[in-house]
Each structure stands twice: as structure tokens, then as C-alpha cells.
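J.: Got a structure for you, questions after.
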Amino acid sequence: MSVSTAGDGPGLPPIPLLLGIALALFVSVGLVWLVAGSSLVAIAYGGALLTVILTLLLAARLKSPEEAEELTQPDWAVTAAAIENRRRAVAIIDRANRLVCANSTYEEWFDVKGAPHEIELGESLRKRLADAARQAWREGFSECEDLISKNEDRHFTLSIERVGRGEDFLVWRFGERISESGHDGLADRVAGPFGAILSNAGIELALVAPDGIVQSATPGLSERATGTANGSLEGQEFVQLLRSDDRDRIFYAREGQQGTPQTLVHIPLDQPHGAGVKPADQTPSLMLLVDSGVGIGGGWQGSGKTAIPQLEALLSALPLGLALTDRDGRFLFANKAFLRAVEREDQGMPQFPSDLVVREDKPAISDTVRRFAKGAASSSDMAVRLSGNKEEPVSIGLAGVRGLGDAAVLLSISDSTEEKRLRRQVAQATKMQAVGQLAGGVAHDFNNVLTAIIGYCDLMLLRHTPGDSDYDDIQQIRANSNRAASLTRQLLAFSRQQTLRPVVLQLPDVVSEVSQLLKRLMGDKIEFVVRHDRELGPVRADPQQLEQVIINLAVNARDAMQAHASNSGKENWKGRLTLATRRVSARDVRKMGIDIMPADDYTVLIVQDTGGGIPGEHLNKIFEPFFTTKEQGKGTGLGLSTVYGIVKQSNGFIFADNISAGDGRPAGARFTVYLPVHKGEMPVDTRPDEAEDTKASEWSGGGNLLLVEDEDMVRAVAERALTRAGYQVTTASDGEEGLAAIANGDTEFDLIVSDVVMPAMDGPAMARAIRRVKPKIPILFMSGYAEEQLRNDIDIDNMHFIPKPFSVQQINGKVSEVLREQAKIDA
């Protein structure tokens, strides 16, 4: 940067200049004395000359301050002209952070005439600019990446440099980040020298907008369509340039059938959407017109002959997968997009298209390629299954081409890798949801059976004492029934239909509660490591269920490490189990690009082992119920499905992946649990304490109960249990019968105990009808589904809940608790 400056400002001349003036004065006076011969004349002349010199020096001394300051300031107009740039905004500030110079691009982009720190940006970006400026003053240079404008329509990069003779200025250079599409710059290439080369070979190209308007064309296409060498096709409709005859041959409209028939190939330029990429309805297409008489004098690369590198370069740059075969069906050429779409980037292109597909589809694609190669020019699509992905069919487009030498068939396929990934995610989520609904329904029905078995066992134990011949058998039946009940709870956990008691908690506290237990479970050969991040956000979850999640994951990791050591034949092995908590912000989630997880703040639990990892074919199945890789009798396959259900019911997400050992092989498995940060207040814990439970179990006030249950076994057990506890019980087999018992009015009931799911009229419908005539009567629902789900679906006051299966003591205790609370309300 050149800066124009003045001298040292007004004042006395330099000493050498004064000495020169004095010497000249004495010399001139001496010359006058010699010529005139009179000392008086010489003195008079010297005085007059000295007066003139002093007058000039005094005038310079008395110059105005404004003029002096103007002389000392740099010429910023020259600087502004030098930094003018349409693609980069430049601003210069001084030590006082005042804008001293800026180009027009700076004012246009930011709509501001002040210093860069006055640009309207978010608070976080404003702080980044201030930090960058301080670093530049301190170190001489700084940079910032990914600055976003106020309207979020532009992304910038910034570099700041300290300059000047005294390093008193900062130069701010803003550059705009522009995301380019795959077809950017194609219009200039088509209309430029590259297009002229194609025209000379009889191949014409046109870039056509979605509405059919020509955006760019090769020079030869413009000349043949308009008849003049300087003609332009921009803004004209492409279809108006061509005509077809009764045999569907294509000609130029200006030439008619007197011209050469053309082969038209439509090449869409669509590509996966992303930042800065236009959607499909705004993406142009490439129209390829080839004279039928054009022959490529050397064929295509790969056939042992000379190729046309320009045309191959063009096809290689296109985002659409394209390949060419000869008349015998052999591949001549394929671009990178085609190889990527058929999953052959590493192996390379095979000899025939049939080598790409499964055995069942080989005859069909071979016959189709030969038919298009030897028949009339036409196009079609066919669905095939690739040999590398036998489950998902793909669509391959085929078109017969003429005038391209050995090339006879054009194959096209779009890269659907991202689409396949999303399809697999949706299919997996749908499958898990369907399996969850089935598991929940099975668990609900099974709970009714277990309720009857456990209830009858409790009633029989009341008549037997330890030592009786049947006592131990009844205890075994009851123990196995409780074990079955725990399996149904795991099924309900997977289907997200179990009852949770969520509270607001810190995840490290839960980890700390189970750490001692985990150390004992791991044993001496497994090192147990715990790491916690700082400033973790609280989560809202059931602490007991979270403990079960951690224990299940830890036990699975232990078994995996033991199995890995056994398979490797290592006796003196050492394993490591790592439990870590992390803080993940919404910005981090957006960067991860997980479509199914909302961008929010999360507290993350990571369980990581050194057990050799999970086989790739099992990664999508490990959370399914009853799926296990353990030997028969060593696992039910419900551990990870329970973990999945608990996490999902807590509004969280869980992912499993493998950790690389550095040589490409997995070193271990990693389970990552994302729980959303709770941003509200801690809810009040309304659960009764132990003292209140004791008082409720001691309730002896009796009461009249209406028991409504459609399962005969459950109804009989509950009736006998409640009758033995001193209650007067009236039974009903469905909701209509229960409503009739209330409507008759023969008995005033103190409590209604009802099932939820019943034929004809279910429990909630019956309860609403009863509340219209008995608005204050309490209702105790029995259900195998979750209490939270029940309360979300049923908006009834004074409603209570007991989960199935329950024992005789549990149903008696719950009824006593409800009646005691109702007595307090009535009092």
C-alpha cells in the first residue's frame, strides 16, 4: 500500500539550507561591491536582499494549521483506490479503532460506514471479532473462519494484519465463502474453447434450465440453429430448435430433414442437497446432440485405442453416474460417480455390466444391453440388485447411442448412498417400533396370567407354614413366576410401556451409586475407569432405571471382554471398562449430522470396553428383544433391549459403534447414551415415604369395593385377597356390568378397582360415566401398561394405579393406601 505524505511541516529550514542561503548572500554582496566600486551600494543591496529572504521564511512559518495538517496526513484516496476489490471487503482502522479507509465492497456487504466492530452481528461473533483484533495488535496477525452475516445469507472468512511505519493500523480483509455446485462454471466451458472443440467433432452441448430455456450452448450449436456464426441461443426454448419426423428421428429445425439426424442424450445435473446446493427443480440439465454420421476415430479409452480426453473429462465431471459399452456389451468407460454408485471404487470396473448384479439379474441386463446396442436408438430403465447389496434394488437407465464409434449403449445410475442410509434408518426405526408394540402386547397379556399365578401362590402360602410338604413347592412356583414377571418388565421397558419415576438428577451421581457394585462385577482382570466432564447439565430420568442401564451395559462389556480373551487364547489378559460423562451442545449435535436426533443440549454417558468390538452384521440387531450371541442358557437377549427401551422412554438416544485399534480392526465396543438436559425446575416428589406406606398397610377401616376385571383368574384372586383383608367386594366382568352396579344404587362403594383394557366398555370409559353420578369416588386402575402412558391418555382426577403383576400383599396395601388418603380428604 502506497501512502502519500508531506515533509516535516512548517518551521525553520534545515541548517544546510540556511548555510547555503548565507553563502549566496555574501557572494552576491561581494560581486556588487566589486562591480560598483562602492561599499555603500553593496551594503544597501545586501540589506534589501536579506529583507526579502527573511520575509519568505516568515511567510512559511506562519502557514495555517489546517494546511500544515493536510500536508502531514497520508493520501487515503490513493489507498482506497488500491484496495478496491469486488470479491473482498477491506477496511483499515487506527489505534483508536476509527475507520480511516475502506473499499466499496465493505460498505456494500455490511451496510455500515463505521469500523468493523460496529457491524451488526450476534454477540458471540462480536466477541470473536474483538478477540481477533486484540490478537492482531499483539502478534501482528490473526484469522477467523466461518463468520455468518446477520441475515445468515452469507459466510465470511477474516484475516487481520498490523501494518504501517509505526504499526499503527490494522487491515481487515473479509472474504466470502461460496459453496459451488457440481455444474458451476459449466456454462462458460460449454460456450468457450472446450465447446468449440466438441463442435468441430460434430458433438453439440446445451445447458438448459428446468423451464426449457437455453442458458449456454456450444458455438457450433448456435451456428446450426440460427444460421449465423455469431448467433446466440441464450433465452430461447430448446425444444423449438429441434424437429422430429415420422420415424422419431431428430433434426435441427432450421435444417429440417435435409440435415443430419441427431442423437439426443438428456443428462440431469441433480446432486444430493446440501449447503449452497440448488434443489432439483432449480438445477439445469445438459443436452447432448451427436450427429449420426460422427465416428470417434479411435474409440474409447480401455479398448486399446486413442480416446477423446475432452469428452471423457466432461463425463467424469458430471455428478450423474455414466458408463458406455460397445455392441458386445463390454464396458468402454465409466466415470467416478458410476463406480461409486455400484460400489466399485476400489475394485475398478468389470468387463461386462452383468458382473455388477446378482446371479438372478445377469441374463436380464445382458439381453437388455445387447438389444439396445443393436436396435433402434431408444432408452429405458430397469431395476436390478447389485452384487454388493443384494437386498435393495437400484434403477439403471439404458439408452442406445449412435455416432460414437465403438460406444453403443449409455448406462446411467444415480449415487443413492445417502438415500440408502436414510432408508435403512427408517426401516430399522419402523421395525423396532413394530417389535416394541408386539412385545408390549405380549407382556400385557402375560402379566394377567402371572397375576393369577402369583396371587394363588400367596393365598396357598397363607394356609401352609414352613416345613409343610407343599410349602417349598409353592415357593418355587412363586419364585419362577416373579422371574417371569421380571422378563415381562424388560419387554415393557423395550416397548417403552413400563412405569417410570423420573426425577431431576446429575448423571455422575447415578454412576457413583453403582461404581462399587460394578467393581465387584468386573473382577480383578478388568480395570474400571470413571471420567466425568465439567459443567454437566441435569437430566430428568428414573435413577433406578438408569442404574439398570449402566449395569446391563457393564455386564455385557465384561462378558464381551472375557469371550474375546478366550477366543484369542490369552490366559494373562487384562481388560478395561471405561465409564465417561460428556457435555454435548446443540451446535455439536448439528455438526454430527444425526438426522433422528434433535439439535439440543445433551448430557452423554459413554460405556466403552476392550472386548474386540461388535460384528458388523450384528450392529443393527443388538437392540432387538431376544437377540443374543451368547450360548444357549447364558442370556435371554433382553439386556440391551431393556436398555434401549429405558433410554427411549426417558426421551434419550443410544448408539453403538466400534473403536478402531489403529490397524483397521475394532479394539472394542462403545455405547453412547444421549439424555436431553433438563431446563425446567425440579418437580416435587409426590411419592409417599416409608412411614406413610406403613400407616397405609395398617388401615383397618374396611370398606365396600367394586372390582371390575374381565380376566376370570385375576378377578377371582383379587376378590379373595381383598375379602380376606376385611373388605366387602362386589365383582363385575366388564365395564358395562360395573356401571350397572353403580347405577342400581343398592350399595355405596368407597373405591372402584378396575382393569384398563376390557371388551365392550373399557375401564377409562366406565370411570368417566361413573364420575358423572359419583364425582368424588376414588378409582384404582390395574394395568400392565405404564402409569405415565395411562395418565396421558386418561384425564381423571383422584385416579390411582397399581401395575400388574401384583401379589396379594401389594393389592391389599395399595387399596389401604387409597382408602386412607380418601379418608383424609373427606375429613
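Chain labels follow the order of the C-alpha cells: the first chain is A, the next B, and so on; residue numbering restarts at 1 in every chain, and ligands are counted from 1 in their shown order.
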Mind checking which residues fall within 6 Å of region 194-209 of chain A, counting only C-alpha atoms, ignoring those fewer than 4 positions away in the same chain, and posting them as a PyMOL selection string?
T.: chain A and resi 189-190+213-221+284-291
J.: Atoms to include: C-alpha atoms. Write the selected residues as a PDB file, in the first residue's frame.
T.:
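For reference, result13.pdb as written:
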```pdb
ATOM      1  CA  ARG A 189     -16.823 -24.113 -20.573  1.00  0.00           C
ATOM      2  CA  VAL A 190     -19.636 -25.086 -22.943  1.00  0.00           C
ATOM      3  CA  ILE A 213     -34.694 -22.144 -21.658  1.00  0.00           C
ATOM      4  CA  VAL A 214     -31.155 -22.392 -23.053  1.00  0.00           C
ATOM      5  CA  GLN A 215     -28.558 -20.940 -20.695  1.00  0.00           C
ATOM      6  CA  SER A 216     -25.439 -21.742 -22.733  1.00  0.00           C
ATOM      7  CA  ALA A 217     -24.557 -23.632 -25.938  1.00  0.00           C
ATOM      8  CA  THR A 218     -21.532 -24.654 -27.946  1.00  0.00           C
ATOM      9  CA  PRO A 219     -20.620 -22.314 -30.835  1.00  0.00           C
ATOM     10  CA  GLY A 220     -21.495 -24.976 -33.423  1.00  0.00           C
ATOM     11  CA  LEU A 221     -24.974 -25.488 -31.961  1.00  0.00           C
ATOM     12  CA  PRO A 284     -30.198 -27.190 -15.144  1.00  0.00           C
ATOM     13  CA  SER A 285     -29.714 -30.173 -17.434  1.00  0.00           C
ATOM     14  CA  LEU A 286     -27.152 -30.927 -20.109  1.00  0.00           C
ATOM     15  CA  MET A 287     -28.456 -31.775 -23.593  1.00  0.00           C
ATOM     16  CA  LEU A 288     -26.022 -33.742 -25.763  1.00  0.00           C
ATOM     17  CA  LEU A 289     -26.611 -33.738 -29.556  1.00  0.00           C
ATOM     18  CA  VAL A 290     -24.472 -36.047 -31.701  1.00  0.00           C
ATOM     19  CA  ASP A 291     -24.565 -36.323 -35.496  1.00  0.00           C
TER      20      ASP A 291
END
```
J.: Check the DSSP output for the backbone and give back, as a PyMOL selection string, the residues of region 509-711 of chain A in strand (DSSP E or B).
T.: chain A and resi 526-532+539-541+575-584+602-608+653-660+666-677+704-708
J.: Pick out the residues sitting within 12 Å of Gly140 (chain A), and hand them over as a list in words; count only C-alpha atoms, and ignore anything fewer than 4 positions along from it in its own chain.
T.: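 Those residues are Ala132, Ala133, Arg134, Gln135, Ala136, Ser159, Ile160, Glu161, Arg162, Val163, Gly164, Glu167, Asp168, Phe169, Leu170 and Val171 of chain A.
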J.: Quick one: residues within 9 Å of Glu343 (chain A), only C-alpha atoms, excluding same-chain residues fewer than 6 positions away - as a list of chain:residue names?
T.: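 Everything that qualifies: A:Leu386, A:Gly388, A:Asn389.
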J.: Which residues come within 12 Å of Gly259 (chain A), counting only C-alpha atoms, excluding same-chain residues fewer than 3 positions away, as a ChimeraX atom specification?
T.: /A:224-225,242-245,249-256,262,291-293
J.: Counting only C-alpha atoms, what is within 9 Å of Phe806 (chain A), bar same-chain residues fewer than 5 positions away, as a ChimeraX atom specification?
T.: /A:447,450-452,454-455,811
J.: Produce a file of the selected residues containing C-alpha atoms, as an mmCIF file, in the first residue's frame.
T.:
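Below you can see result.cif, which holds the result:
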```
data_model
loop_
_atom_site.group_PDB
_atom_site.id
_atom_site.type_symbol
_atom_site.label_atom_id
_atom_site.label_comp_id
_atom_site.auth_asym_id
_atom_site.auth_seq_id
_atom_site.Cartn_x
_atom_site.Cartn_y
_atom_site.Cartn_z
ATOM 1 C CA ASN A 447 -48.976 -60.108 33.177
ATOM 2 C CA LEU A 450 -48.706 -64.038 36.177
ATOM 3 C CA THR A 451 -51.019 -62.014 38.413
ATOM 4 C CA ALA A 452 -53.263 -65.056 38.837
ATOM 5 C CA ILE A 454 -48.618 -65.181 41.984
ATOM 6 C CA GLY A 455 -51.957 -64.439 43.682
ATOM 7 C CA ILE A 811 -53.070 -55.206 46.186
#
```
J.: Expressed in Å to a single decimal, how great is the separation between CA of Leu518 (chain A) and CA of Ile551 (chain A)?
T.: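 These atoms are spaced 7.1 Å apart.
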J.: Pick from A:Lys776, A:Lys591, A:His618, A:His564: nearest to Gly668 (chain A), with only C-alpha atoms counted?
T.: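 For Gly668 (chain A), the nearest of the candidates is A:His564.
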J.: Could you pull out the alpha helix (DSSP H) residues of region 159-244 of chain A, going by DSSP on the backbone, and write them as a PDB file with C-alpha atoms, in the first residue's frame?
T.:
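As written to disk, result_3.pdb reads:
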```pdb
ATOM      1  CA  LEU A 186     -20.063 -25.375 -16.871  1.00  0.00           C
ATOM      2  CA  ALA A 187     -21.823 -22.650 -18.883  1.00  0.00           C
ATOM      3  CA  ASP A 188     -18.536 -20.866 -19.599  1.00  0.00           C
ATOM      4  CA  ARG A 189     -16.823 -24.113 -20.573  1.00  0.00           C
ATOM      5  CA  VAL A 190     -19.636 -25.086 -22.943  1.00  0.00           C
ATOM      6  CA  ALA A 191     -19.618 -21.714 -24.695  1.00  0.00           C
ATOM      7  CA  PRO A 193     -12.898 -23.118 -26.388  1.00  0.00           C
ATOM      8  CA  PHE A 194     -13.862 -26.513 -24.967  1.00  0.00           C
ATOM      9  CA  GLY A 195     -17.286 -26.239 -26.635  1.00  0.00           C
ATOM     10  CA  ALA A 196     -15.610 -25.272 -29.921  1.00  0.00           C
ATOM     11  CA  ILE A 197     -13.550 -28.488 -29.795  1.00  0.00           C
ATOM     12  CA  LEU A 198     -16.728 -30.549 -29.385  1.00  0.00           C
ATOM     13  CA  SER A 199     -18.425 -28.667 -32.224  1.00  0.00           C
ATOM     14  CA  ASN A 200     -15.541 -29.452 -34.558  1.00  0.00           C
ATOM     15  CA  PRO A 219     -20.620 -22.314 -30.835  1.00  0.00           C
ATOM     16  CA  GLY A 220     -21.495 -24.976 -33.423  1.00  0.00           C
ATOM     17  CA  LEU A 221     -24.974 -25.488 -31.961  1.00  0.00           C
ATOM     18  CA  SER A 222     -25.623 -21.742 -32.085  1.00  0.00           C
ATOM     19  CA  GLU A 223     -24.472 -21.581 -35.703  1.00  0.00           C
ATOM     20  CA  ARG A 224     -26.517 -24.586 -36.877  1.00  0.00           C
ATOM     21  CA  ALA A 225     -29.643 -23.468 -35.046  1.00  0.00           C
ATOM     22  CA  THR A 226     -29.535 -19.783 -36.079  1.00  0.00           C
TER      23      THR A 226
END
```
J.: Considering only C-alpha atoms, return as a ChimeraX atom specification whatever protein or nucleic-acid residues lie within 12 Å of Tyr456 (chain A), sequence-local ones (same chain, fewer than 4 positions apart) excluded.
T.: /A:449-452,460-463,474-475,477-478,481,713-721,806-809
J.: Which of these residues is nearest to Leu739 (chain A), using only C-alpha atoms: A:Trp109, A:Pro803, A:Val757, A:Arg771?
T.: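 Going through A:Trp109, A:Pro803, A:Val757, A:Arg771 one by one, the smallest distance to Leu739 (chain A) is for A:Arg771.
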J.: To one decimal place in Å, what is the distance between CA of Phe801 (chain A) and CA of Phe781 (chain A)?
T.: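 Pair CA of Phe801 (chain A) / CA of Phe781 (chain A) returns 4.9 Å.
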